[in-house]
Amino acid sequence: MAEIIDPQTGKRLPYGQPGELVITTLTKEAYPVIRFRTRDITSLNPEPCKCGRTSMRMSRVTGRSDDMLVVKGVNVYPSQIESVLLGVKGIAPHYLIVVEKQHAFSYSDLEIWVEVTEDVFSDEMQQMETLEKTLRAELESVLGIATRIKLVEPRTLARSEGKAKRVVERSELATPGK
Amino acid sequence: MRVKQVSVFVENKPGRFMAVLEALEKDKINIHGLSVSEATDIGIVRMILTDPDKALADLKRAGFTVRMDWVVSAELPDVPGGLLRHVARPLSDAGVNLLYLYVYTDSTTGKTIAIVKTDDLDKAEKVLVRN
């Protein structure tokens, strides 16, 4: 059984209106769920299909009500990335996630830009390389996928009041190539 | 002897090195020795300057990530074999490992200077003074 709710208020929305898909299983034995919030944004259509089928239809998923991404088939939350960065001494949680588009909702590549502050800056290049390697290893261990790290100068990543725009697609970046 | 070296973190893209120099222009700080170390996305600019403390402050104000480090400064004669006999061989014989090195000639004193960072600065200083 499927419902659409307003992700902010939780109220049920009428058919045709986009909102968060909530599902309740009716016959499943192994993993039954009751009003499980999928966090996918879609809309429901109860009208019978031209082919004759009368089951409920849903539109293509247009986004998420949370900030989860799918990269190389794996679910990734920016909060995971943030927790890794906070765990590395000296790194501030100012980051930018750059994704490479694959299909509608899944990305093929993940690059994370991290600001270099005085706490982690070294005059020795090998220390900077080690820093990059450490971050990559930690992230891979937590996220389950390999990512790339790009160290950037401080205050180049946008800060905003409240929710920062943490994820951009590579095509959106101002500078071509990087 | 030891001297102060200013290091600046830059991204490896056009205009960043220029921005470093522009930050130093206002206070007319002169750069004696300079070295740029590059990697795929980043660069480290290391400098020996007339006024390292002021340079550090100016660069910080300009928004750069910077640091000050002690490095060893050694004089050598500007002749073939100078670097080999007075710097490289003594350090190697003493088992000191070089991290980075760059050389410049100071036009005000006429002396050629090697700036050296090693894994053991005390030993490097001792060894190079002897030579």
# chains A, B, ... in the order shown; residues from 1 in each chain; ligands from 1

$ residues_around --residues "Leu99 (chain B)" --least-positions-apart "3" --cutoff "9 Å" --atoms "only C-alpha atoms" --output "ChimeraX atom specification"
/A:124 /B:116-119

$ select_by_dssp --residues "region 21-127 of chain A" --states "helix (DSSP H, G or I)" --output "MDAnalysis selection string"
chainID A and resid 78:87 125:127

$ residues_around --residues "Lys89 (chain A)" --least-positions-apart "3" --cutoff "9 Å" --atoms "only C-alpha atoms" --output "compact mmCIF listing (two decimals) with N, CA and C atoms, in the first residue's frame"
# COMPACT_ATOMS: atom_id res chain seq x y z
N LEU A 85 35.68 13.86 8.16
CA LEU A 85 36.52 15.06 8.16
C LEU A 85 36.73 15.59 9.57
N LEU A 86 35.67 15.56 10.37
CA LEU A 86 35.80 16.03 11.74
C LEU A 86 36.73 15.14 12.54
N ALA A 92 38.81 21.13 9.06
CA ALA A 92 37.51 21.71 9.37
C ALA A 92 36.46 21.08 8.46
N ASP A 119 46.44 24.24 10.50
CA ASP A 119 46.64 23.08 11.36
C ASP A 119 47.15 21.86 10.62
N VAL A 120 46.79 21.73 9.34
CA VAL A 120 47.22 20.54 8.61
C VAL A 120 48.24 20.84 7.52

$ closest_residue --among "A:Arg155, A:Arg57, A:Lys11, A:Arg64" --to "chain B" --atoms "only C-alpha atoms"
A:Arg155

$ atom_distance --atom1 "CA of Leu26 (chain A)" --atom2 "CA of Ile5 (chain A)"
19.1 Å

$ closest_atom_pairs --of "chain A" --to "chain B" --cutoff "8 Å" --atoms "only C-alpha atoms" --output "JSON lines"
{"residue": "A:Val116", "atom": "CA", "partner": "B:Thr65", "partner_atom": "CA", "distance": 7.1}
{"residue": "A:Thr117", "atom": "CA", "partner": "B:Thr65", "partner_atom": "CA", "distance": 5.8}
{"residue": "A:Glu118", "atom": "CA", "partner": "B:Thr65", "partner_atom": "CA", "distance": 5.6}
{"residue": "A:Phe121", "atom": "CA", "partner": "B:Thr65", "partner_atom": "CA", "distance": 7.2}
{"residue": "A:Ser122", "atom": "CA", "partner": "B:Arg67", "partner_atom": "CA", "distance": 7.5}
{"residue": "A:Asp123", "atom": "CA", "partner": "B:Ser7", "partner_atom": "CA", "distance": 5.9}
{"residue": "A:Glu124", "atom": "CA", "partner": "B:Leu99", "partner_atom": "CA", "distance": 7.4}
{"residue": "A:Met125", "atom": "CA", "partner": "B:Ser37", "partner_atom": "CA", "distance": 7.1}
{"residue": "A:Lys150", "atom": "CA", "partner": "B:Asp41", "partner_atom": "CA", "distance": 6.6}
{"residue": "A:Leu151", "atom": "CA", "partner": "B:Ile42", "partner_atom": "CA", "distance": 6.9}
{"residue": "A:Val152", "atom": "CA", "partner": "B:Glu11", "partner_atom": "CA", "distance": 6.0}
{"residue": "A:Glu153", "atom": "CA", "partner": "B:Val10", "partner_atom": "CA", "distance": 6.2}
{"residue": "A:Pro154", "atom": "CA", "partner": "B:Thr65", "partner_atom": "CA", "distance": 6.8}
{"residue": "A:Arg155", "atom": "CA", "partner": "B:Gly63", "partner_atom": "CA", "distance": 7.7}

$ write_last_selection --atoms "C-alpha atoms" --output "PDB file, in the first residue's frame"
ATOM      1  CA  VAL A 116      43.630  23.135   3.942  1.00  0.00           C
ATOM      2  CA  THR A 117      44.037  25.128   7.119  1.00  0.00           C
ATOM      3  CA  GLU A 118      47.187  26.005   9.022  1.00  0.00           C
ATOM      4  CA  PHE A 121      49.483  22.462   6.251  1.00  0.00           C
ATOM      5  CA  SER A 122      53.077  21.224   6.012  1.00  0.00           C
ATOM      6  CA  ASP A 123      56.062  22.605   4.150  1.00  0.00           C
ATOM      7  CA  GLU A 124      56.841  19.023   3.133  1.00  0.00           C
ATOM      8  CA  MET A 125      54.939  17.768   0.109  1.00  0.00           C
ATOM      9  CA  LYS A 150      41.137  17.516  -3.732  1.00  0.00           C
ATOM     10  CA  LEU A 151      42.865  19.811  -1.279  1.00  0.00           C
ATOM     11  CA  VAL A 152      41.840  23.426  -1.810  1.00  0.00           C
ATOM     12  CA  GLU A 153      42.767  26.803  -0.407  1.00  0.00           C
ATOM     13  CA  PRO A 154      40.882  28.076   2.661  1.00  0.00           C
ATOM     14  CA  ARG A 155      37.711  30.068   2.307  1.00  0.00           C
TER      15      ARG A 155
END

$ atom_distance --atom1 "CA of Asp6 (chain A)" --atom2 "CA of Val33 (chain A)"
19.2 Å

$ atom_distance --atom1 "CA of Glu132 (chain A)" --atom2 "CA of Val114 (chain A)"
9.5 Å
